[in-house]
Each structure stands twice: as structure tokens, then as C-alpha cells.
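Notes for the one structure printed next.
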Amino acid sequence: MPAPQVYAASGSRWRLDAPRGRMPIDRTNDTDAFVIIFRAVRDDQETDPRMSTLPPPTGQTGPAASACSTAGPVGNVVRNAKRIAGITLASRVFGMVRDIALAAWLGNSMVQDRFTYGFMIANVFRRLFGEGALSAAFVPTLSEALAREGVDQGRRLYAAVATLLAVALAVVTLVVEIGLVVALLLGSGRGSYRLGVGLTAAMFPFMPFICTTALMASCLNVLGRFNWPAAMPIVMNVIQIACIFWIAPHVPGGPERQVYVLAVAVVLSGVAQTMILGTQLRRLGYSWTFVWLPHHPGVRRMFATMAPAILGLGALQLAPVIDGQIILWLSSAGEQQTVHVAGRVVSCPLDEGSQSSVAQAQRLYQFPLGVLAISLASAVFPALARHAADQDFAAMRQEVSRSVRLAIFEGLPAGVGLIVLAEPITRLLFEHGAYKAIDTARTAWVLRFFAAGLWAFCAQHMLLRGFYAMHDTRTPLKVSLALVASTVVLNLLGVWTPLGVGTFGLTTAVTSGGSVVLLALLLRRKLAGRLDLRAILRSIAKTAAATAAMSVAAALALHYGHSCWGAPTTFGHYRNLICLLDVFVPMVLGSVAFLTAAFALRSTELKELLGSTRK
């Protein structure tokens with residue numbers, strides 16, 4: 001029986017590799033690495049620690065997977081990763097500009113709260129049907145079709161999946177829109193409620209377009225094209241930025257009318273992304289024609305793989321919606337100053353703008369999290385998968401221990417730095433236009449609590465990759481469901497305490513820390529051996545000491561800096577320069593102090609990072 005032919009990526013084209021007396025390249029495994037990169041760099045991808053349980057797409061296991069780990073085109077992966085990293089950095093910058101412009105235009109007001117919530121609803125479905133389960137199921141299915149059946153069948157599979165997905169998304173969109181119209185007609189007459197439901201209905205058509213974009217991006221990734229998929233968040237951000245600066249503010253009727261223009265811009269950004277990626281696919285011969293083949297083996301296999309992932313992710317994706325609903329329910333806004341709880345009327349415990357403050361704090365802490373944790377997890381996952389395929393649990397324990405130490409070495413100082421500089425950073429980025437000092441104080445308050453858990457968020461990604469390498473997705477899912485449930489309960493209780501809106505950051509940090517401990521214990525049992533806890537604790541002690549030196553240096557620089565260049569409110573014309581100095585001078589001096597202390601303490605992690613950089 002002849003050996004199967006395998007398609008492998010070479011640069012940006014496909015080549016057909018004939019057997020050469022050894023195990024052929026497993027295309028699926030290489031695609032997995034690409035998809036990890038793709039999912040990591042999406043601008044709005046859920047880096048919320050509660051949402052981090054989605055496994056990377058799994059490929060072949062056993063000897064083939066082990067063989068391909070060394071036979072695959074590693075150089076191509078590295079080159080593509082570097083290229084995508086540059087595009088991702090630009091995307092993050094544009095995303096931050098969008099958030100800054102939105103805050104300056106609307107401030108942390110009821111209008112921005114409702115817009116943020118409505119956009120979050122569309123994003124939940126995008127993550128559920130698009131970049132999550134869909135990508136995980138479609139990539140290996142298309143890769144297998146190309147390898148075994150050829151390009152023509154791969155194109156046919158893509159058309160069949162795109163057709164079925166379009167029909168399913170159209171039905172979901174229609175049902176949700178009808179439900180929102182009914183909610184608008186039967187709901188409260190409050191302006192804030194009507195605005196929230198109206199904006200959700202206006203932005204929900206963004207969902208089918210962005211899910212289709214995710215399918216197209218996955219197909220392009222399989223074909224070795226990565227630049228355009230990675231650049232799509234930039235397109236979305238540019239369209240929204242243009243609307244905020246030059247269109248929406250000039251529409252008559254005030255912010256409550258103008259924000260609908262931005263909602264339309266969100267939908268148009270989804271249309272633009274679909275058109276751009278569709279053009280790229282047509283150039284490769286992958287036209288989106290109506291092909292109704294629900295019983296196609298590849299289609300059935302793909303949707304069978306999606307079903308359990310969607311069911312599992314459904315509960316997880318409800319978490320941010322529940323948090324947002326709690327905030328909107330208990331926030332004072334315009335005519336809403338009281339709320340009914342257990343049959344009693346009480347004052348709202350949260351202020352107007354709380355939803356926006358939480359979203360901005362999440363954006364700020366997720367910036368270093370996306371750079372530090374995702375990049376490290378993406379780098380360590382192939383090694384863990386290789387050890388798991390070889391049943392080399394001793395090497396796997398060593399790799400997990402090393403990655404956790406590196407994650408905490410990066411996450412702990414980054415989190416403490418955000419705590420020390422929370423207010424200067426928030427002021428520098430957001431305090432413009434309608435965004436006032438009280439908004440800065442509230443967002444910085446929430447950010448400090450999220451930042452306290454940054455070390456756990458980073459370590460959590462490393463432990464999760466250990467389970468995924470052994471194709472165990474149920475254990476992380478169970479832990480994550482418990483994490484979501486406990487977080488919701490603690491949030492409902494904590495908002496009535498002096499913590500206020502800071503509860504949403506604190507509960508996430510505390511429960512994530514607990515999940516790290518639980519995941520470590522479960523992984524230790526699964527690996528039938530210890531994770532070298534002594535080395536981890538020794539590393540944490542050194543990192544904590546270096547972080548303490550960093551925090552002292554940064555705090556002193558911030559305190560005495562005001563005596564040199566003044567407070568941000570002292571000079572009107574030089575305020576932006578003072579805000580820059582408040583952030584970057586303590587940041588630089590704190591970084592120098594941390595690196596010096598880590599070097600003096602002979603930190604192994606610092607040596608490893610410097611060594612990998614030199615290589």
C-alpha cells in the first residue's frame with residue numbers, strides 16, 4: 001500500500017512531499033502551531049483567565065506527532081511568528097488608540113457602559129462560534145482533506161463549511177434580533193435600558209461577519225498565509241477610530257444618538273474584514289460558492305468536533321456577560337439610583353461608568369498578559385506535546401516547572417508595576433476630553449486588583465498547556481467552570497462592600513490564584529511525579545525580592561519626581577509631558593532595579609531569558 005502524500009508549507013505556498021523512507025511531515029501539527037499564534041494575536045481575543053481553557057487544535061498523536069515535531073518547517077514557523085508579532089503590536093496600538101478615543105469622546109458614562117456591554121454580547125458569539133470551536137475543528141479537518149484528497153476536495157470542503165456556517169449564523173442572528181426587539185417592546189421604559197438593548201441589536205449583525213472572517217482566516221492559515229488574518233483587527237480598529245474622530249461627534253442628537261453611528265461602524269468593520277479575506281481566498285482558488293453538503297464526511301466530522309467544544313465554552317462565555325449584567329443592574333445611571341434586591345429597594349452600590357472602568361482595566365492588564373503569557377505558552381507548547389507523545393513524563397515535569405518559573409518571573413514584576421503605576425498609566429492613556437479625574441481613580445482602583453493576579457494569569461497558561469499536551473481538555477474545563485461559578489458568587493457579595501467595582505478585579509485575581517494551585521496539584525498527579533516545587537518556591541522568593549526592589553525604586557521615582565517636574569495638574573500646557581514622565585521615569589528606574597536585583601540574586605530565569613535572547 002503506498003504511503004500517503006502530505007502537503008507541507010514552504011514559505012507562503014504548498015508543496016507536495018513524497019515519502020522518503022521516513023515518517024512524513026504531519027501537516028496538522030504544524031498548523032496547530034500556526035493556529036496557536038493566530039488565536040494569541042487576535043486583538044480582542046479572550047485573555048481573561050476564566051476564558052483561557054480553550055485548547056489549541058489537536059493534531060495527530062503518537063509517533064507521527066513526535067516525528068513531525070522535528071521534521072516540520074520550524075524556520076517557517078519562527079519567521080511567520082516574528083512577522084505576525086509585528087502586525088500584532090500594531091494591532092494592539094490601534095486598539096489602545098480606539099479605547100482612548102472612545103473614552104475621550106464619551107467618558108465613563110452610561111452611554112459608554114451600554115455600548116461596551118452591547119459590543120461584548122456580539123463578541124461572546126464570535127468567540128463561541130468563530131475563533132474558538134470553529135477554528136479548532138476546521139483547521140485539522142481541512143488539513144487532512146488537503147493531505148489525503150487533494151486541493152479540489154479541500155476547496156469543496158471549504159465551500160460546504162462556509163455555506164452551512166452562513167445559514168446557521170443567519171438563523172442565530174434572526175432569532176437573537178427578534179428576541180431583542182421583543183425585549184425592547186416589553187421591557188422597562190428607562191432610557192438606559194432602551195439604549196442598551198438598542199445598541200446590542202444594532203451591533204449583533206457584526207457577529208456573523210466576524211465568525212465568517214474567522215473561518216476564512218483559518219483557511220488562509222492552513223494555506224500558509226498569515227499576514228492578512230493577523231491584520232484584520234487593525235482594519236476594525238481603524239474604521240472605528242475614523243468614526244469616533246470624524247463622523248459620530250458631528251451627528252446631531254447628542255451622545256445617545258451619536259453612539260448608534262459607532263455601532264453601525266462596528267458592523268461595517270465586520271463586512272470589510274469578510275470582503276478582504278474573501279478576496280485573498282479567491283486569489284488562491286477558494287471561492288465562496290453556495291454548496292449545500294451537510295452530509296459531507298468532512299463537514300459532519302468538523303461539526304461533531306465543534307459540538308462538545310461549544311457546549312463546554314457556552315458556560316465559560318456566559319461569565320463576562322453575567323459580570324456585565326451585574327454591573328449594569330447595580331450601577332446608578334441617570335434616572336436609575338435604586339435597585340430592587342430581595343424585595344427591598346436599596347441604593348445602587350456601583351457608580352455610573354463602572355462597566356467602562358472594568359473594561360478599561362481589563363484592557364490594560366491584558367496588554368502585558370498577551371505579550372508575556374501567550375508568547376511563552378506558544379513557545380513551550382510544542383516541547384510539552386513532544387514529551388507527551390514520547391511518554392517522557394520526567395522531561396515534561398521539568399519543562400512545566402521551568403515554564404511556570406519563567407511565567408511568574410515575568411508576571412509578578414509586571415503586575416506589581418501596574419499596581420504602583422496604575423493611576424499614572426490610566427491618566428496618561430485615558431484622561432482626555434470627557435474622561436475626568438474621577439474616572440481615572442475608579443479605573444486605576446480596578447486595575448490594581450486585576451494586576452495583583454497577573455502572576456497567576458501567566459502561570460495558569462503554562463499549566464493549561466501541560467494538560468492540552470496530553471489531550472486532556474476536561475480537567476481544565478471543570479476547573480474553569482468552578483472558577484466562573486465562584487467568581488460570580490463573590491462578585492454578587494463583594495459589590496456591597498467598600499471594594500465596590502474593585503470586586504470584579506479582586507475576585508478574578510483570587511480565584512485564578514486558587515486555580516493555579518489546583519491545576520498544579522492535578523497536573524502533578526497526572527504526570528505521576530512532583531513538579532519540582534522546591535525550585536519553583538526558590539525562584540518565587542528571588543523574583544519577589546527583585547520585585548520589591550523594583551517597586552521601591554518606582555514608588556520613590558514617582559514621589560520625588562513630582563518635586564522635580566510638578567504634578568500633572570500643575571501646568572496646563574505641559575500636562576501631557578508630565579504624565580509621560582510620571583509613567584516612563586519610574587518604569588525605567590524600576591526595570592533597572594529589578595534586573596540588577598535579579599542578577600545579584602543569580603536568578604536562573606534571568607539567565608535563561610538572556611541566553612535565549614542571545615541565541
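We label chains A, B, ... in the order they appear in the C-alpha cells, count residues from 1 in each chain, and number ligands from 1 in the order shown.
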Could you find all residues in region 232-352 of chain A that DSSP calls helix (DSSP H, G or I) from the backbone, and write them as a compact mmCIF listing (two decimals) with N, CA, C and O atoms, in the first residue's frame?
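Output file states11.txt is given in full below:
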# COMPACT_ATOMS: atom_id res chain seq x y z
N MET A 232 -6.39 41.85 10.41
CA MET A 232 -7.82 42.19 10.41
C MET A 232 -8.25 43.04 11.61
O MET A 232 -9.08 43.94 11.46
N PRO A 233 -7.74 42.80 12.83
CA PRO A 233 -8.11 43.70 13.92
C PRO A 233 -7.73 45.15 13.65
O PRO A 233 -8.39 46.07 14.13
N ILE A 234 -6.63 45.36 12.90
CA ILE A 234 -6.24 46.73 12.56
C ILE A 234 -7.32 47.39 11.71
O ILE A 234 -7.68 48.56 11.91
N VAL A 235 -7.88 46.63 10.75
CA VAL A 235 -8.95 47.16 9.91
C VAL A 235 -10.14 47.58 10.77
O VAL A 235 -10.70 48.67 10.61
N MET A 236 -10.53 46.71 11.70
CA MET A 236 -11.65 47.01 12.57
C MET A 236 -11.38 48.27 13.40
O MET A 236 -12.23 49.17 13.51
N ASN A 237 -10.19 48.35 13.97
CA ASN A 237 -9.87 49.49 14.82
C ASN A 237 -9.80 50.80 14.03
O ASN A 237 -10.26 51.84 14.51
N VAL A 238 -9.23 50.74 12.83
CA VAL A 238 -9.12 51.96 12.02
C VAL A 238 -10.50 52.50 11.65
O VAL A 238 -10.75 53.71 11.72
N ILE A 239 -11.42 51.62 11.27
CA ILE A 239 -12.77 52.05 10.92
C ILE A 239 -13.46 52.70 12.12
O ILE A 239 -14.09 53.76 12.01
N GLN A 240 -13.32 52.09 13.29
CA GLN A 240 -13.95 52.65 14.48
C GLN A 240 -13.30 53.97 14.90
O GLN A 240 -13.98 54.91 15.32
N ILE A 241 -11.98 54.06 14.78
CA ILE A 241 -11.28 55.30 15.13
C ILE A 241 -11.74 56.43 14.21
O ILE A 241 -12.00 57.56 14.67
N ALA A 242 -11.83 56.14 12.91
CA ALA A 242 -12.28 57.17 11.96
C ALA A 242 -13.69 57.63 12.30
O ALA A 242 -14.00 58.83 12.24
N CYS A 243 -14.55 56.70 12.70
CA CYS A 243 -15.93 57.06 13.06
C CYS A 243 -15.95 57.94 14.31
O CYS A 243 -16.67 58.94 14.37
N ILE A 244 -15.15 57.59 15.31
CA ILE A 244 -15.14 58.35 16.57
C ILE A 244 -14.62 59.76 16.36
O ILE A 244 -15.15 60.73 16.91
N PHE A 245 -13.58 59.91 15.54
CA PHE A 245 -12.96 61.22 15.36
C PHE A 245 -13.72 62.12 14.39
O PHE A 245 -13.87 63.31 14.62
N TRP A 246 -14.21 61.56 13.27
CA TRP A 246 -14.65 62.41 12.17
C TRP A 246 -16.12 62.28 11.79
O TRP A 246 -16.61 63.09 11.00
N ILE A 247 -16.82 61.29 12.31
CA ILE A 247 -18.21 61.11 11.87
C ILE A 247 -19.20 61.24 13.03
O ILE A 247 -20.05 62.15 13.03
N ALA A 248 -19.11 60.34 14.00
CA ALA A 248 -20.12 60.28 15.05
C ALA A 248 -20.30 61.59 15.82
O ALA A 248 -21.44 62.01 16.05
N PRO A 249 -19.24 62.29 16.25
CA PRO A 249 -19.46 63.51 17.04
C PRO A 249 -20.20 64.62 16.28
O PRO A 249 -20.71 65.55 16.91
N HIS A 250 -20.24 64.53 14.96
CA HIS A 250 -20.88 65.58 14.16
C HIS A 250 -22.33 65.26 13.83
O HIS A 250 -23.00 66.05 13.15
N PRO A 255 -24.76 62.33 22.48
CA PRO A 255 -24.08 61.03 22.52
C PRO A 255 -25.02 59.83 22.40
O PRO A 255 -24.64 58.81 21.82
N GLU A 256 -26.24 59.94 22.94
CA GLU A 256 -27.15 58.79 22.90
C GLU A 256 -27.61 58.48 21.49
O GLU A 256 -28.01 57.35 21.20
N ARG A 257 -27.59 59.45 20.59
CA ARG A 257 -27.88 59.21 19.18
C ARG A 257 -26.59 58.92 18.41
O ARG A 257 -26.56 58.05 17.53
N GLN A 258 -25.54 59.65 18.74
CA GLN A 258 -24.28 59.52 18.00
C GLN A 258 -23.67 58.13 18.16
O GLN A 258 -23.01 57.62 17.24
N VAL A 259 -23.85 57.50 19.31
CA VAL A 259 -23.22 56.21 19.55
C VAL A 259 -23.76 55.14 18.61
O VAL A 259 -23.09 54.14 18.33
N TYR A 260 -24.97 55.34 18.08
CA TYR A 260 -25.51 54.38 17.12
C TYR A 260 -24.71 54.40 15.82
O TYR A 260 -24.61 53.39 15.11
N VAL A 261 -24.13 55.55 15.47
CA VAL A 261 -23.28 55.62 14.30
C VAL A 261 -22.05 54.74 14.50
O VAL A 261 -21.60 54.04 13.59
N LEU A 262 -21.49 54.75 15.71
CA LEU A 262 -20.35 53.89 16.01
C LEU A 262 -20.76 52.42 15.96
O LEU A 262 -19.98 51.56 15.52
N ALA A 263 -21.98 52.12 16.40
CA ALA A 263 -22.47 50.74 16.32
C ALA A 263 -22.53 50.27 14.87
O ALA A 263 -22.16 49.13 14.55
N VAL A 264 -22.97 51.15 13.98
CA VAL A 264 -23.01 50.81 12.55
C VAL A 264 -21.59 50.61 12.03
O VAL A 264 -21.32 49.70 11.22
N ALA A 265 -20.64 51.43 12.50
CA ALA A 265 -19.25 51.29 12.08
C ALA A 265 -18.68 49.94 12.51
O ALA A 265 -17.86 49.34 11.79
N VAL A 266 -19.10 49.43 13.67
CA VAL A 266 -18.66 48.11 14.11
C VAL A 266 -19.10 47.04 13.12
O VAL A 266 -18.33 46.16 12.71
N VAL A 267 -20.37 47.12 12.68
CA VAL A 267 -20.88 46.14 11.71
C VAL A 267 -20.13 46.28 10.39
O VAL A 267 -19.75 45.27 9.76
N LEU A 268 -19.90 47.51 9.95
CA LEU A 268 -19.19 47.72 8.69
C LEU A 268 -17.76 47.19 8.76
O LEU A 268 -17.23 46.71 7.75
N SER A 269 -17.14 47.26 9.94
CA SER A 269 -15.80 46.71 10.08
C SER A 269 -15.82 45.19 9.88
O SER A 269 -14.89 44.62 9.32
N GLY A 270 -16.88 44.53 10.33
CA GLY A 270 -17.01 43.10 10.09
C GLY A 270 -17.19 42.79 8.61
O GLY A 270 -16.61 41.84 8.08
N VAL A 271 -18.00 43.61 7.92
CA VAL A 271 -18.18 43.44 6.47
C VAL A 271 -16.85 43.61 5.74
O VAL A 271 -16.51 42.84 4.84
N ALA A 272 -16.09 44.65 6.13
CA ALA A 272 -14.81 44.92 5.47
C ALA A 272 -13.84 43.76 5.65
O ALA A 272 -13.15 43.35 4.70
N GLN A 273 -13.78 43.19 6.84
CA GLN A 273 -12.87 42.07 7.08
C GLN A 273 -13.25 40.87 6.23
O GLN A 273 -12.39 40.18 5.67
N THR A 274 -14.56 40.60 6.14
CA THR A 274 -15.02 39.48 5.33
C THR A 274 -14.65 39.67 3.86
O THR A 274 -14.19 38.74 3.19
N MET A 275 -14.83 40.89 3.36
CA MET A 275 -14.53 41.16 1.96
C MET A 275 -13.04 41.04 1.67
O MET A 275 -12.63 40.47 0.65
N ILE A 276 -12.20 41.53 2.58
CA ILE A 276 -10.75 41.50 2.36
C ILE A 276 -10.24 40.06 2.33
O ILE A 276 -9.51 39.64 1.42
N LEU A 277 -10.62 39.26 3.35
CA LEU A 277 -10.14 37.88 3.38
C LEU A 277 -10.77 37.05 2.27
O LEU A 277 -10.14 36.12 1.74
N GLY A 278 -12.02 37.37 1.90
CA GLY A 278 -12.64 36.67 0.78
C GLY A 278 -11.88 36.90 -0.52
O GLY A 278 -11.70 35.98 -1.32
N THR A 279 -11.40 38.13 -0.71
CA THR A 279 -10.59 38.43 -1.90
C THR A 279 -9.29 37.65 -1.89
O THR A 279 -8.86 37.11 -2.93
N GLN A 280 -8.64 37.56 -0.74
CA GLN A 280 -7.40 36.80 -0.65
C GLN A 280 -7.62 35.31 -0.95
O GLN A 280 -6.80 34.67 -1.62
N LEU A 281 -8.73 34.76 -0.47
CA LEU A 281 -9.01 33.35 -0.73
C LEU A 281 -9.35 33.10 -2.19
O LEU A 281 -8.96 32.07 -2.76
N ARG A 282 -10.07 34.02 -2.82
CA ARG A 282 -10.39 33.84 -4.24
C ARG A 282 -9.14 33.80 -5.09
O ARG A 282 -9.07 33.08 -6.09
N ARG A 283 -8.13 34.58 -4.70
CA ARG A 283 -6.87 34.55 -5.44
C ARG A 283 -6.19 33.19 -5.35
O ARG A 283 -5.39 32.83 -6.22
N PRO A 297 -18.63 14.05 4.62
CA PRO A 297 -17.92 13.48 5.77
C PRO A 297 -17.07 14.50 6.52
O PRO A 297 -17.04 14.50 7.76
N GLY A 298 -16.38 15.36 5.78
CA GLY A 298 -15.56 16.37 6.45
C GLY A 298 -16.40 17.36 7.23
O GLY A 298 -16.03 17.77 8.36
N VAL A 299 -17.54 17.76 6.68
CA VAL A 299 -18.43 18.70 7.37
C VAL A 299 -18.99 18.07 8.63
O VAL A 299 -19.02 18.68 9.71
N ARG A 300 -19.45 16.83 8.50
CA ARG A 300 -20.01 16.15 9.68
C ARG A 300 -18.96 15.96 10.76
O ARG A 300 -19.24 16.13 11.95
N ARG A 301 -17.74 15.59 10.35
CA ARG A 301 -16.67 15.40 11.32
C ARG A 301 -16.32 16.72 12.02
O ARG A 301 -16.10 16.75 13.22
N MET A 302 -16.31 17.80 11.24
CA MET A 302 -15.95 19.09 11.82
C MET A 302 -16.99 19.56 12.82
O MET A 302 -16.67 19.98 13.94
N PHE A 303 -18.26 19.47 12.45
CA PHE A 303 -19.31 19.94 13.36
C PHE A 303 -19.48 19.00 14.55
O PHE A 303 -19.89 19.42 15.62
N ALA A 304 -19.16 17.72 14.37
CA ALA A 304 -19.16 16.80 15.51
C ALA A 304 -18.07 17.17 16.50
O ALA A 304 -18.24 17.05 17.72
N THR A 305 -16.94 17.65 15.99
CA THR A 305 -15.87 18.11 16.87
C THR A 305 -16.24 19.43 17.54
O THR A 305 -15.89 19.67 18.70
N MET A 306 -16.97 20.28 16.83
CA MET A 306 -17.35 21.58 17.38
C MET A 306 -18.36 21.45 18.50
O MET A 306 -18.34 22.23 19.46
N ALA A 307 -19.28 20.48 18.38
CA ALA A 307 -20.41 20.41 19.31
C ALA A 307 -20.00 20.37 20.77
O ALA A 307 -20.45 21.20 21.58
N PRO A 308 -19.12 19.43 21.19
CA PRO A 308 -18.75 19.42 22.61
C PRO A 308 -17.98 20.66 23.03
O PRO A 308 -18.11 21.13 24.16
N ALA A 309 -17.18 21.22 22.10
CA ALA A 309 -16.45 22.43 22.44
C ALA A 309 -17.40 23.60 22.67
O ALA A 309 -17.22 24.40 23.59
N ILE A 310 -18.45 23.70 21.84
CA ILE A 310 -19.42 24.78 22.02
C ILE A 310 -20.18 24.62 23.33
O ILE A 310 -20.42 25.58 24.06
N LEU A 311 -20.56 23.37 23.64
CA LEU A 311 -21.27 23.14 24.89
C LEU A 311 -20.41 23.52 26.10
O LEU A 311 -20.88 24.13 27.05
N GLY A 312 -19.14 23.13 26.03
CA GLY A 312 -18.25 23.47 27.14
C GLY A 312 -17.98 24.95 27.24
O GLY A 312 -17.98 25.54 28.32
N LEU A 313 -17.75 25.58 26.08
CA LEU A 313 -17.44 27.00 26.07
C LEU A 313 -18.65 27.87 26.39
O LEU A 313 -18.50 29.00 26.83
N GLY A 314 -19.86 27.32 26.15
CA GLY A 314 -21.05 28.11 26.39
C GLY A 314 -21.12 28.64 27.81
O GLY A 314 -21.41 29.82 28.05
N ALA A 315 -20.83 27.76 28.78
CA ALA A 315 -20.86 28.19 30.17
C ALA A 315 -19.77 29.21 30.46
O ALA A 315 -19.97 30.18 31.19
N LEU A 316 -18.59 29.00 29.87
CA LEU A 316 -17.48 29.93 30.11
C LEU A 316 -17.78 31.30 29.51
O LEU A 316 -17.47 32.33 30.12
N GLN A 317 -18.37 31.32 28.33
CA GLN A 317 -18.61 32.60 27.68
C GLN A 317 -19.72 33.38 28.36
O GLN A 317 -19.86 34.59 28.13
N LEU A 318 -20.52 32.72 29.19
CA LEU A 318 -21.54 33.45 29.93
C LEU A 318 -20.94 34.29 31.05
O LEU A 318 -21.58 35.23 31.52
N ALA A 319 -19.71 33.96 31.47
CA ALA A 319 -19.12 34.66 32.61
C ALA A 319 -19.00 36.17 32.40
O ALA A 319 -19.46 36.95 33.24
N PRO A 320 -18.40 36.65 31.30
CA PRO A 320 -18.33 38.10 31.13
C PRO A 320 -19.69 38.74 30.95
O PRO A 320 -19.90 39.90 31.36
N VAL A 321 -20.64 38.00 30.35
CA VAL A 321 -21.99 38.55 30.20
C VAL A 321 -22.64 38.71 31.57
O VAL A 321 -23.29 39.73 31.85
N ILE A 322 -22.46 37.71 32.43
CA ILE A 322 -23.03 37.79 33.78
C ILE A 322 -22.41 38.94 34.55
O ILE A 322 -23.10 39.71 35.22
N ASP A 323 -21.09 39.06 34.47
CA ASP A 323 -20.41 40.18 35.14
C ASP A 323 -20.95 41.52 34.65
O ASP A 323 -21.25 42.43 35.44
N GLY A 324 -21.06 41.64 33.31
CA GLY A 324 -21.57 42.89 32.75
C GLY A 324 -22.99 43.17 33.18
O GLY A 324 -23.36 44.32 33.47
N GLN A 325 -23.83 42.12 33.24
CA GLN A 325 -25.21 42.31 33.66
C GLN A 325 -25.29 42.73 35.12
O GLN A 325 -26.13 43.57 35.50
N ILE A 326 -24.44 42.14 35.97
CA ILE A 326 -24.40 42.54 37.38
C ILE A 326 -24.05 44.02 37.50
O ILE A 326 -24.67 44.78 38.26
N ILE A 327 -23.04 44.44 36.74
CA ILE A 327 -22.60 45.83 36.81
C ILE A 327 -23.71 46.77 36.36
O ILE A 327 -24.00 47.78 37.02
N LEU A 328 -24.34 46.46 35.22
CA LEU A 328 -25.41 47.34 34.72
C LEU A 328 -26.62 47.34 35.66
O LEU A 328 -27.27 48.37 35.85
N TRP A 329 -26.93 46.21 36.23
CA TRP A 329 -28.08 46.10 37.14
C TRP A 329 -27.87 46.93 38.41
O TRP A 329 -28.80 47.58 38.90
N LEU A 330 -26.64 46.92 38.91
CA LEU A 330 -26.38 47.57 40.20
C LEU A 330 -25.71 48.93 40.06
O LEU A 330 -25.25 49.50 41.06
Exercise. Using only C-alpha atoms, which residues sit within 10 Å of Ile100 (chain A) once same-chain residues fewer than 6 positions away are excluded, as an NGL selection string?
Worked result: :A and (94 or 107 or 241 or 360 or 426 or 428-433 or 435)
For this session: DSSP on the backbone, then: every residue of region 297-373 of chain A marked strand (DSSP E or B), written as a PyMOL selection string.
Result: chain A and resi 331+333+336+338-341+344-347+350
Selected residues written out, N, CA, C and O atoms, as a compact mmCIF listing (two decimals), in the first residue's frame:
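Listing of again.txt after writing:
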# COMPACT_ATOMS: atom_id res chain seq x y z
N SER A 331 -25.63 49.48 38.85
CA SER A 331 -25.00 50.78 38.64
C SER A 331 -26.05 51.88 38.55
O SER A 331 -27.08 51.71 37.89
N ALA A 333 -27.44 55.15 37.02
CA ALA A 333 -27.29 55.76 35.70
C ALA A 333 -28.51 56.62 35.41
O ALA A 333 -29.61 56.08 35.24
N GLN A 336 -31.84 55.94 37.12
CA GLN A 336 -31.73 54.75 37.97
C GLN A 336 -30.76 55.03 39.12
O GLN A 336 -29.55 55.06 38.93
N THR A 338 -31.75 53.57 42.40
CA THR A 338 -32.05 52.49 43.34
C THR A 338 -32.27 51.20 42.57
O THR A 338 -32.48 51.21 41.35
N VAL A 339 -32.26 50.11 43.30
CA VAL A 339 -32.44 48.79 42.69
C VAL A 339 -33.21 47.91 43.65
O VAL A 339 -33.12 48.07 44.88
N HIS A 340 -34.00 46.99 43.12
CA HIS A 340 -34.78 46.07 43.94
C HIS A 340 -33.96 44.81 44.19
O HIS A 340 -33.56 44.11 43.25
N VAL A 341 -33.71 44.50 45.45
CA VAL A 341 -32.95 43.31 45.85
C VAL A 341 -33.71 42.60 46.95
O VAL A 341 -33.95 43.20 48.02
N ARG A 344 -36.58 44.41 48.51
CA ARG A 344 -36.33 45.72 49.12
C ARG A 344 -35.72 46.66 48.10
O ARG A 344 -35.02 46.24 47.19
N VAL A 345 -35.97 47.94 48.30
CA VAL A 345 -35.40 48.97 47.43
C VAL A 345 -34.17 49.55 48.13
O VAL A 345 -34.26 50.09 49.24
N VAL A 346 -33.01 49.41 47.49
CA VAL A 346 -31.75 49.89 48.08
C VAL A 346 -31.04 50.75 47.05
O VAL A 346 -31.31 50.69 45.85
N SER A 347 -30.11 51.57 47.53
CA SER A 347 -29.33 52.41 46.63
C SER A 347 -28.36 51.56 45.81
O SER A 347 -27.82 50.55 46.31
N LEU A 350 -22.97 50.62 42.83
CA LEU A 350 -21.95 50.97 41.84
C LEU A 350 -22.32 52.29 41.16
O LEU A 350 -23.50 52.61 41.01
For this session: Would you kindly return, as a list of chain:residue names, each protein, DNA or RNA residue with an atom no farther than 7 Å from any atom of region 510-523 of chain A, considering only C-alpha atoms and excluding same-chain residues fewer than 4 positions away?
Result: A:Pro49, A:Gly453, A:Ala456, A:Phe457, A:Ala459, A:Gln460, A:Leu463, A:Val479, A:Leu483, A:Thr487, A:Leu506, A:Leu527
Residue subset to file, keeping N, CA and C atoms, as a compact mmCIF listing (two decimals), in the first residue's frame:
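Result file part_24.txt:
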# COMPACT_ATOMS: atom_id res chain seq x y z
N PRO A 49 -8.53 35.27 32.28
CA PRO A 49 -8.08 33.97 32.77
C PRO A 49 -9.19 32.94 32.84
N GLY A 453 -3.27 39.76 40.34
CA GLY A 453 -3.34 38.37 39.91
C GLY A 453 -2.61 38.08 38.62
N ALA A 456 -0.62 34.93 38.48
CA ALA A 456 -1.44 33.72 38.38
C ALA A 456 -1.96 33.54 36.97
N PHE A 457 -2.35 34.65 36.33
CA PHE A 457 -2.85 34.54 34.96
C PHE A 457 -1.77 33.96 34.04
N ALA A 459 0.96 32.08 34.98
CA ALA A 459 1.27 30.70 35.35
C ALA A 459 0.16 29.75 34.91
N GLN A 460 -1.07 30.24 34.93
CA GLN A 460 -2.21 29.40 34.55
C GLN A 460 -2.08 28.91 33.12
N LEU A 463 0.33 25.88 32.95
CA LEU A 463 -0.23 24.64 33.46
C LEU A 463 -1.28 24.08 32.51
N VAL A 479 -12.19 22.79 36.08
CA VAL A 479 -11.60 23.81 36.96
C VAL A 479 -12.13 25.18 36.59
N LEU A 483 -14.26 27.92 38.65
CA LEU A 483 -13.72 29.28 38.76
C LEU A 483 -14.79 30.31 38.41
N THR A 487 -16.51 32.96 41.04
CA THR A 487 -16.30 34.37 40.77
C THR A 487 -17.62 35.13 40.75
N LEU A 506 -10.62 41.87 42.07
CA LEU A 506 -10.10 41.07 43.18
C LEU A 506 -10.55 39.62 43.09
N LEU A 527 1.01 13.56 35.94
CA LEU A 527 2.37 13.29 35.48
C LEU A 527 3.09 12.29 36.37
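If you count only C-alpha atoms and ignore residues fewer than 4 places along the chain from Ser354 (chain A), what sits within 9 Å of it is Asn108, Ser109, Met110, Asp113, Ile327, Leu328, Ser331, Leu350, Val358, Ala359, Asp439, Arg442, Thr443 and Val501 of chain A.
Here CA of His562 (chain A) stands at a distance of 17.5 Å from CA of Ala437 (chain A).
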